[in-house]
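Below is one structure, written out as structure tokens, with a few remarks after it.
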Amino acid sequence: MRTTVHGDYLVQLTRLGAFNCFLVRDDDGKGCTLVDTGLGGSAAAIMQAAQKLGLTIRRIGLTHAHTDHVGSLDQLHAALPEVPVAIGARESRFLAGDMTLEAEEAALSNRLRGGYVTCTTVPQVLLHAGERFGPLEVVAAPGHTPGQIAFFDRRDGSLLAGDAFHTRAGLAVAGTFRLLFPFPSQATWHRPTALATARHLRALEPTRLAVGHGPVETSPLDAIDAAIEAEARKIGEQVTYGA
Ligand SMILES: [Zn+2]
């Protein structure tokens with residue numbers, strides 16, 4: 001697993017060149033929040049990476065329930081049973097294997113996309129927009145999945161956006177198809193909602209953008225604006241909700 005440090009708080013852990021999860025340091029420099037858990041089989045490497053940096057994993061936060069973000073959750077929870085696990089309240093039902101959609105979600109699109117896996121770990125913390133999780137602020141980020149959340153670190157402006165954007169083949173909004181890396185767009189539930197989320201996240205004016213797939217981008221606002229414009233053109237600005 002490749003470890004890349006970004007500024008004072010954010011550490012990127014990358015597997016197979018394309019799958020990120022993140023450690024975010026606490027103010028005391030001893031503990032951290034793990035955001036997402038990578039593909040299955042990543043638990044030992046994640047714990048080793050934290051240990052090498054002298055960090056204790058104090059809490060685990062999940063952006064959404066796709067397999068490549070929760071794949072090592074059960075393994076990590078078995079190894080670190082005292083560490084609280086958190087996910088967005090809406091998304092928690094997918095994690096438990098309940099794939100039914102709310103009426104207003106189904107009205108937008110009744111087809112979930114991307115790989116979901118049922119986890120035996122039951123998160124103790126169900127998060128809502130505006131709440132805090134360790135040093136991070138929870139931001140609603142639906143569209144890629146119905147209940148995705150992002151985590152914003154106001155200490156340094158880092159935005160951990162899950163798959164609301166991808167940067168693997170240039171910065172793009174979740175639903176935007178990129179031939180060189182098509183998976184995030186193919187796994188996106190509802191593009192107009194994802195676009196509304198992109199605008200909502202842009203309004204936070206992040207100084208650093210950390211996503212599930214691709215490099216961490218510093219000073220990302222111009223690239224985000226271009227990505228939003230490109231996606232808006234592609235979908236012809238349909239009616240949006242949620243942001
Ligand atoms: Zn995803």
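Naming works like this for the structure tokens: A, B, ... for the chains as they're shown, residue 1 at the start of each chain, ligands 1 onward in shown order.
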
Give as a PDB file with N, CA and C atoms, in the first residue's frame the residues surrounding ligand 1 up to a distance of 10 Å, considering only C-alpha atoms and all ligand atoms.
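Dumped to part_37.pdb:
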```pdb
ATOM      1  N   THR A  63     -17.651   6.682   3.558  1.00  0.00           N
ATOM      2  CA  THR A  63     -18.356   7.639   2.693  1.00  0.00           C
ATOM      3  C   THR A  63     -19.583   6.997   2.053  1.00  0.00           C
ATOM      4  N   HIS A  64     -19.442   5.750   1.615  1.00  0.00           N
ATOM      5  CA  HIS A  64     -20.573   5.046   1.013  1.00  0.00           C
ATOM      6  C   HIS A  64     -20.295   3.552   0.997  1.00  0.00           C
ATOM      7  N   ALA A  65     -21.316   2.776   0.637  1.00  0.00           N
ATOM      8  CA  ALA A  65     -21.286   1.330   0.870  1.00  0.00           C
ATOM      9  C   ALA A  65     -20.795   0.513  -0.318  1.00  0.00           C
ATOM     10  N   HIS A  66     -20.200   1.145  -1.323  1.00  0.00           N
ATOM     11  CA  HIS A  66     -19.633   0.360  -2.431  1.00  0.00           C
ATOM     12  C   HIS A  66     -18.487  -0.518  -1.929  1.00  0.00           C
ATOM     13  N   THR A  67     -18.383  -1.687  -2.578  1.00  0.00           N
ATOM     14  CA  THR A  67     -17.424  -2.724  -2.168  1.00  0.00           C
ATOM     15  C   THR A  67     -16.003  -2.212  -1.990  1.00  0.00           C
ATOM     16  N   ASP A  68     -15.572  -1.328  -2.882  1.00  0.00           N
ATOM     17  CA  ASP A  68     -14.175  -0.884  -2.827  1.00  0.00           C
ATOM     18  C   ASP A  68     -13.946   0.181  -1.751  1.00  0.00           C
ATOM     19  N   HIS A  69     -14.978   0.517  -1.002  1.00  0.00           N
ATOM     20  CA  HIS A  69     -14.832   1.465   0.113  1.00  0.00           C
ATOM     21  C   HIS A  69     -15.089   0.804   1.462  1.00  0.00           C
ATOM     22  N   VAL A  70     -15.856  -0.285   1.464  1.00  0.00           N
ATOM     23  CA  VAL A  70     -16.157  -0.985   2.726  1.00  0.00           C
ATOM     24  C   VAL A  70     -15.590  -2.405   2.726  1.00  0.00           C
ATOM     25  N   ARG A 113     -26.428   1.302  -8.915  1.00  0.00           N
ATOM     26  CA  ARG A 113     -25.317   0.859  -9.759  1.00  0.00           C
ATOM     27  C   ARG A 113     -24.088   0.642  -8.898  1.00  0.00           C
ATOM     28  N   GLY A 114     -23.160  -0.122  -9.454  1.00  0.00           N
ATOM     29  CA  GLY A 114     -21.914  -0.379  -8.740  1.00  0.00           C
ATOM     30  C   GLY A 114     -22.067  -1.565  -7.810  1.00  0.00           C
ATOM     31  N   GLY A 115     -20.946  -2.029  -7.276  1.00  0.00           N
ATOM     32  CA  GLY A 115     -20.938  -3.215  -6.429  1.00  0.00           C
ATOM     33  C   GLY A 115     -21.160  -2.870  -4.964  1.00  0.00           C
ATOM     34  N   TYR A 116     -22.148  -3.487  -4.380  1.00  0.00           N
ATOM     35  CA  TYR A 116     -22.383  -3.341  -2.935  1.00  0.00           C
ATOM     36  C   TYR A 116     -22.092  -4.690  -2.279  1.00  0.00           C
ATOM     37  N   HIS A 144     -23.788   9.766  -6.362  1.00  0.00           N
ATOM     38  CA  HIS A 144     -23.026   8.561  -6.711  1.00  0.00           C
ATOM     39  C   HIS A 144     -23.734   7.344  -6.105  1.00  0.00           C
ATOM     40  N   THR A 145     -24.082   7.437  -4.822  1.00  0.00           N
ATOM     41  CA  THR A 145     -25.059   6.536  -4.201  1.00  0.00           C
ATOM     42  C   THR A 145     -26.106   7.432  -3.538  1.00  0.00           C
ATOM     43  N   GLN A 148     -24.498   8.791   0.028  1.00  0.00           N
ATOM     44  CA  GLN A 148     -23.082   9.083   0.230  1.00  0.00           C
ATOM     45  C   GLN A 148     -22.891  10.355   1.076  1.00  0.00           C
ATOM     46  N   GLY A 162     -15.255  11.007  -1.065  1.00  0.00           N
ATOM     47  CA  GLY A 162     -15.694   9.685  -1.528  1.00  0.00           C
ATOM     48  C   GLY A 162     -15.601   9.614  -3.045  1.00  0.00           C
ATOM     49  N   ASP A 163     -16.676   9.186  -3.680  1.00  0.00           N
ATOM     50  CA  ASP A 163     -16.686   9.128  -5.148  1.00  0.00           C
ATOM     51  C   ASP A 163     -17.553  10.234  -5.755  1.00  0.00           C
ATOM     52  N   ALA A 164     -17.732  11.349  -5.020  1.00  0.00           N
ATOM     53  CA  ALA A 164     -18.479  12.475  -5.587  1.00  0.00           C
ATOM     54  C   ALA A 164     -17.737  13.052  -6.790  1.00  0.00           C
ATOM     55  N   PHE A 165     -16.419  12.939  -6.739  1.00  0.00           N
ATOM     56  CA  PHE A 165     -15.558  13.261  -7.886  1.00  0.00           C
ATOM     57  C   PHE A 165     -14.600  12.095  -8.078  1.00  0.00           C
ATOM     58  N   HIS A 166     -13.992  12.015  -9.260  1.00  0.00           N
ATOM     59  CA  HIS A 166     -12.844  11.130  -9.428  1.00  0.00           C
ATOM     60  C   HIS A 166     -11.756  11.900 -10.162  1.00  0.00           C
ATOM     61  N   ALA A 174     -18.779  12.680 -10.451  1.00  0.00           N
ATOM     62  CA  ALA A 174     -19.038  11.240 -10.353  1.00  0.00           C
ATOM     63  C   ALA A 174     -19.600  10.623 -11.627  1.00  0.00           C
ATOM     64  N   PHE A 183     -15.056   3.337 -14.299  1.00  0.00           N
ATOM     65  CA  PHE A 183     -15.808   2.662 -13.222  1.00  0.00           C
ATOM     66  C   PHE A 183     -16.636   3.600 -12.333  1.00  0.00           C
ATOM     67  N   PRO A 184     -16.087   4.749 -11.883  1.00  0.00           N
ATOM     68  CA  PRO A 184     -16.919   5.591 -11.010  1.00  0.00           C
ATOM     69  C   PRO A 184     -18.186   6.082 -11.699  1.00  0.00           C
ATOM     70  N   SER A 185     -18.090   6.388 -12.990  1.00  0.00           N
ATOM     71  CA  SER A 185     -19.298   6.868 -13.673  1.00  0.00           C
ATOM     72  C   SER A 185     -20.290   5.728 -13.862  1.00  0.00           C
ATOM     73  N   GLN A 186     -19.783   4.539 -14.180  1.00  0.00           N
ATOM     74  CA  GLN A 186     -20.681   3.401 -14.360  1.00  0.00           C
ATOM     75  C   GLN A 186     -21.354   3.006 -13.058  1.00  0.00           C
ATOM     76  N   ALA A 187     -20.725   3.340 -11.924  1.00  0.00           N
ATOM     77  CA  ALA A 187     -21.261   2.970 -10.618  1.00  0.00           C
ATOM     78  C   ALA A 187     -22.139   4.069 -10.022  1.00  0.00           C
ATOM     79  N   THR A 188     -22.381   5.137 -10.775  1.00  0.00           N
ATOM     80  CA  THR A 188     -23.118   6.283 -10.226  1.00  0.00           C
ATOM     81  C   THR A 188     -24.621   6.118 -10.437  1.00  0.00           C
ATOM     82  N   TRP A 189     -25.359   6.284  -9.331  1.00  0.00           N
ATOM     83  CA  TRP A 189     -26.814   6.051  -9.298  1.00  0.00           C
ATOM     84  C   TRP A 189     -27.574   7.112 -10.088  1.00  0.00           C
ATOM     85  N   VAL A 211     -10.231  11.933  -3.086  1.00  0.00           N
ATOM     86  CA  VAL A 211     -11.338  11.093  -3.564  1.00  0.00           C
ATOM     87  C   VAL A 211     -10.933   9.623  -3.591  1.00  0.00           C
ATOM     88  N   GLY A 212     -11.911   8.775  -3.863  1.00  0.00           N
ATOM     89  CA  GLY A 212     -11.678   7.337  -3.813  1.00  0.00           C
ATOM     90  C   GLY A 212     -10.732   6.826  -4.881  1.00  0.00           C
ATOM     91  N   HIS A 213     -10.728   7.497  -6.023  1.00  0.00           N
ATOM     92  CA  HIS A 213      -9.951   6.995  -7.154  1.00  0.00           C
ATOM     93  C   HIS A 213      -9.188   8.123  -7.828  1.00  0.00           C
TER      94      HIS A 213
END
```

Residues of segment 79-146 of chain A in alpha helix (DSSP H), written as a PyMOL selection string: chain A and resi 79+92-95+103-108

9 Å contact set for Asp156 of chain A, only C-alpha atoms, chain neighbours under 2 positions out, as JSON, numbers by chain: {"A": [7, 8, 9, 153, 154, 158, 206, 207, 208]}

For the selection you just gave me, I'd like the residues written to a file as an mmCIF file, in the first residue's frame, keeping N, CA, C and O atoms.
```cif
data_model
loop_
_atom_site.group_PDB
_atom_site.id
_atom_site.type_symbol
_atom_site.label_atom_id
_atom_site.label_comp_id
_atom_site.auth_asym_id
_atom_site.auth_seq_id
_atom_site.Cartn_x
_atom_site.Cartn_y
_atom_site.Cartn_z
ATOM 1 N N GLY A 7 0.123 17.671 3.564
ATOM 2 C CA GLY A 7 -0.048 18.685 4.608
ATOM 3 C C GLY A 7 0.062 18.084 6.001
ATOM 4 O O GLY A 7 0.676 17.026 6.198
ATOM 5 N N ASP A 8 -0.538 18.765 6.978
ATOM 6 C CA ASP A 8 -0.356 18.400 8.380
ATOM 7 C C ASP A 8 -1.247 17.251 8.838
ATOM 8 O O ASP A 8 -0.950 16.594 9.838
ATOM 9 N N TYR A 9 -2.352 17.006 8.144
ATOM 10 C CA TYR A 9 -3.351 16.086 8.697
ATOM 11 C C TYR A 9 -3.680 14.897 7.804
ATOM 12 O O TYR A 9 -4.012 13.826 8.302
ATOM 13 N N ASP A 153 -12.502 18.772 6.399
ATOM 14 C CA ASP A 153 -11.578 19.131 7.468
ATOM 15 C C ASP A 153 -11.347 20.636 7.415
ATOM 16 O O ASP A 153 -10.584 21.121 6.570
ATOM 17 N N ARG A 154 -12.007 21.373 8.284
ATOM 18 C CA ARG A 154 -11.905 22.837 8.247
ATOM 19 C C ARG A 154 -10.546 23.336 8.722
ATOM 20 O O ARG A 154 -10.197 24.495 8.501
ATOM 21 N N SER A 158 -9.176 20.413 3.629
ATOM 22 C CA SER A 158 -9.199 19.152 2.870
ATOM 23 C C SER A 158 -10.625 18.607 2.826
ATOM 24 O O SER A 158 -11.296 18.519 3.846
ATOM 25 N N PRO A 206 -12.933 23.967 -0.970
ATOM 26 C CA PRO A 206 -11.835 23.149 -0.457
ATOM 27 C C PRO A 206 -10.495 23.557 -1.062
ATOM 28 O O PRO A 206 -10.439 23.976 -2.225
ATOM 29 N N THR A 207 -9.449 23.446 -0.265
ATOM 30 C CA THR A 207 -8.102 23.735 -0.764
ATOM 31 C C THR A 207 -7.406 22.457 -1.231
ATOM 32 O O THR A 207 -6.336 22.516 -1.840
ATOM 33 N N ARG A 208 -8.053 21.318 -0.911
ATOM 34 C CA ARG A 208 -7.467 20.026 -1.270
ATOM 35 C C ARG A 208 -8.625 19.048 -1.454
ATOM 36 O O ARG A 208 -9.541 19.023 -0.636
#
```

Using DSSP secondary structure from the backbone, list all strand (DSSP E) positions within segment 119-231 of chain A, as a compact mmCIF listing (two decimals) with N, CA and C atoms, in the first residue's frame.
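Written file, part_17.txt:
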```txt
# COMPACT_ATOMS: atom_id res chain seq x y z
N VAL A 125 -22.36 4.47 14.89
CA VAL A 125 -22.66 5.89 14.70
C VAL A 125 -23.29 6.08 13.33
N LEU A 126 -24.48 6.67 13.30
CA LEU A 126 -25.14 7.00 12.04
C LEU A 126 -25.08 8.52 11.86
N LEU A 127 -24.43 8.93 10.80
CA LEU A 127 -24.10 10.35 10.62
C LEU A 127 -25.12 11.08 9.75
N ARG A 132 -20.40 16.38 13.47
CA ARG A 132 -18.95 16.21 13.49
C ARG A 132 -18.61 14.76 13.74
N PHE A 133 -17.50 14.34 13.15
CA PHE A 133 -16.97 12.99 13.41
C PHE A 133 -15.48 13.17 13.64
N LEU A 136 -13.64 16.03 11.83
CA LEU A 136 -14.23 16.23 10.50
C LEU A 136 -15.70 16.61 10.57
N GLU A 137 -16.11 17.42 9.58
CA GLU A 137 -17.52 17.80 9.47
C GLU A 137 -18.18 16.95 8.38
N VAL A 138 -19.37 16.48 8.68
CA VAL A 138 -20.09 15.61 7.74
C VAL A 138 -20.88 16.48 6.75
N VAL A 139 -20.74 16.15 5.46
CA VAL A 139 -21.44 16.90 4.40
C VAL A 139 -22.22 15.89 3.56
N ALA A 140 -23.48 16.17 3.30
CA ALA A 140 -24.28 15.29 2.43
C ALA A 140 -23.69 15.31 1.02
N ILE A 149 -21.85 10.35 1.91
CA ILE A 149 -21.46 11.56 2.63
C ILE A 149 -20.00 11.86 2.32
N ALA A 150 -19.64 13.14 2.52
CA ALA A 150 -18.24 13.57 2.42
C ALA A 150 -17.82 14.05 3.80
N PHE A 151 -16.51 14.14 4.01
CA PHE A 151 -15.96 14.65 5.27
C PHE A 151 -15.09 15.86 4.96
N PHE A 152 -15.36 16.97 5.65
CA PHE A 152 -14.62 18.21 5.41
C PHE A 152 -13.78 18.54 6.63
N ASP A 153 -12.50 18.77 6.40
CA ASP A 153 -11.58 19.13 7.47
C ASP A 153 -11.35 20.64 7.41
N SER A 158 -9.18 20.41 3.63
CA SER A 158 -9.20 19.15 2.87
C SER A 158 -10.62 18.61 2.83
N LEU A 159 -11.05 18.24 1.63
CA LEU A 159 -12.37 17.64 1.46
C LEU A 159 -12.19 16.19 1.03
N LEU A 160 -12.72 15.28 1.86
CA LEU A 160 -12.68 13.86 1.53
C LEU A 160 -14.04 13.50 0.95
N PHE A 165 -16.42 12.94 -6.74
CA PHE A 165 -15.56 13.26 -7.89
C PHE A 165 -14.60 12.09 -8.08
N HIS A 166 -13.99 12.02 -9.26
CA HIS A 166 -12.84 11.13 -9.43
C HIS A 166 -11.76 11.90 -10.16
N ALA A 172 -13.14 14.85 -12.53
CA ALA A 172 -14.47 14.76 -13.12
C ALA A 172 -15.51 14.56 -12.03
N VAL A 173 -16.74 14.99 -12.32
CA VAL A 173 -17.87 14.73 -11.44
C VAL A 173 -18.21 13.24 -11.54
N ARG A 208 -8.05 21.32 -0.91
CA ARG A 208 -7.47 20.03 -1.27
C ARG A 208 -8.62 19.05 -1.45
N LEU A 209 -8.56 18.28 -2.52
CA LEU A 209 -9.64 17.33 -2.81
C LEU A 209 -9.09 15.90 -2.80
N ALA A 210 -9.67 15.08 -1.92
CA ALA A 210 -9.22 13.69 -1.76
C ALA A 210 -10.40 12.78 -2.09
N GLU A 217 -5.84 16.27 -5.20
CA GLU A 217 -5.61 17.51 -5.94
C GLU A 217 -5.52 18.68 -4.97
N THR A 218 -4.46 19.48 -5.08
CA THR A 218 -4.39 20.70 -4.28
C THR A 218 -4.90 21.87 -5.12
```

Counting only C-alpha atoms, the residue of A:Ala198, A:Pro123, A:Ala203, A:Ser72 that sits nearest Glu229 of chain A: A:Ala198

Selected residue of minimal separation from Gly97 of chain A among A:Cys119, A:Leu80, A:Leu10, A:Ala169, counting only C-alpha atoms: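 Of the candidates, the smallest distance to Gly97 of chain A is held by A:Cys119.
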
Interatomic distance (Å, one decimal) between atom CA of Ala49 of chain A and atom CA of Thr3 of chain A: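 Distance between the two atoms: 7.2 Å.
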
All residues 8 Å or closer to Val83 of chain A, only C-alpha atoms, same chain fewer than 3 positions away omitted, as a PyMOL selection string: chain A and resi 57-60+77+80

Between atom CA of Ser219 of chain A and atom CA of Ala161 of chain A, distance in Å (one decimal):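 Interatomic distance here is 14.7 Å.
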
Spatial neighbours of Met1 of chain A, max dist 7 Å, only C-alpha atoms, sep filter under 5 positions, as number ranges by chain: A: 13-15, 45

Residue nearest Glu231 of chain A - candidates A:Ala50, A:Leu16, A:Ala196, A:Met99, atoms counted: only C-alpha atoms: A:Ala196

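Summary of the local environment: counting only C-alpha atoms, residues at most 9 Å from Glu205 of chain A, other than itself and those fewer than 5 positions away along its chain, are Gly157, Pro220 and Leu221 of chain A.
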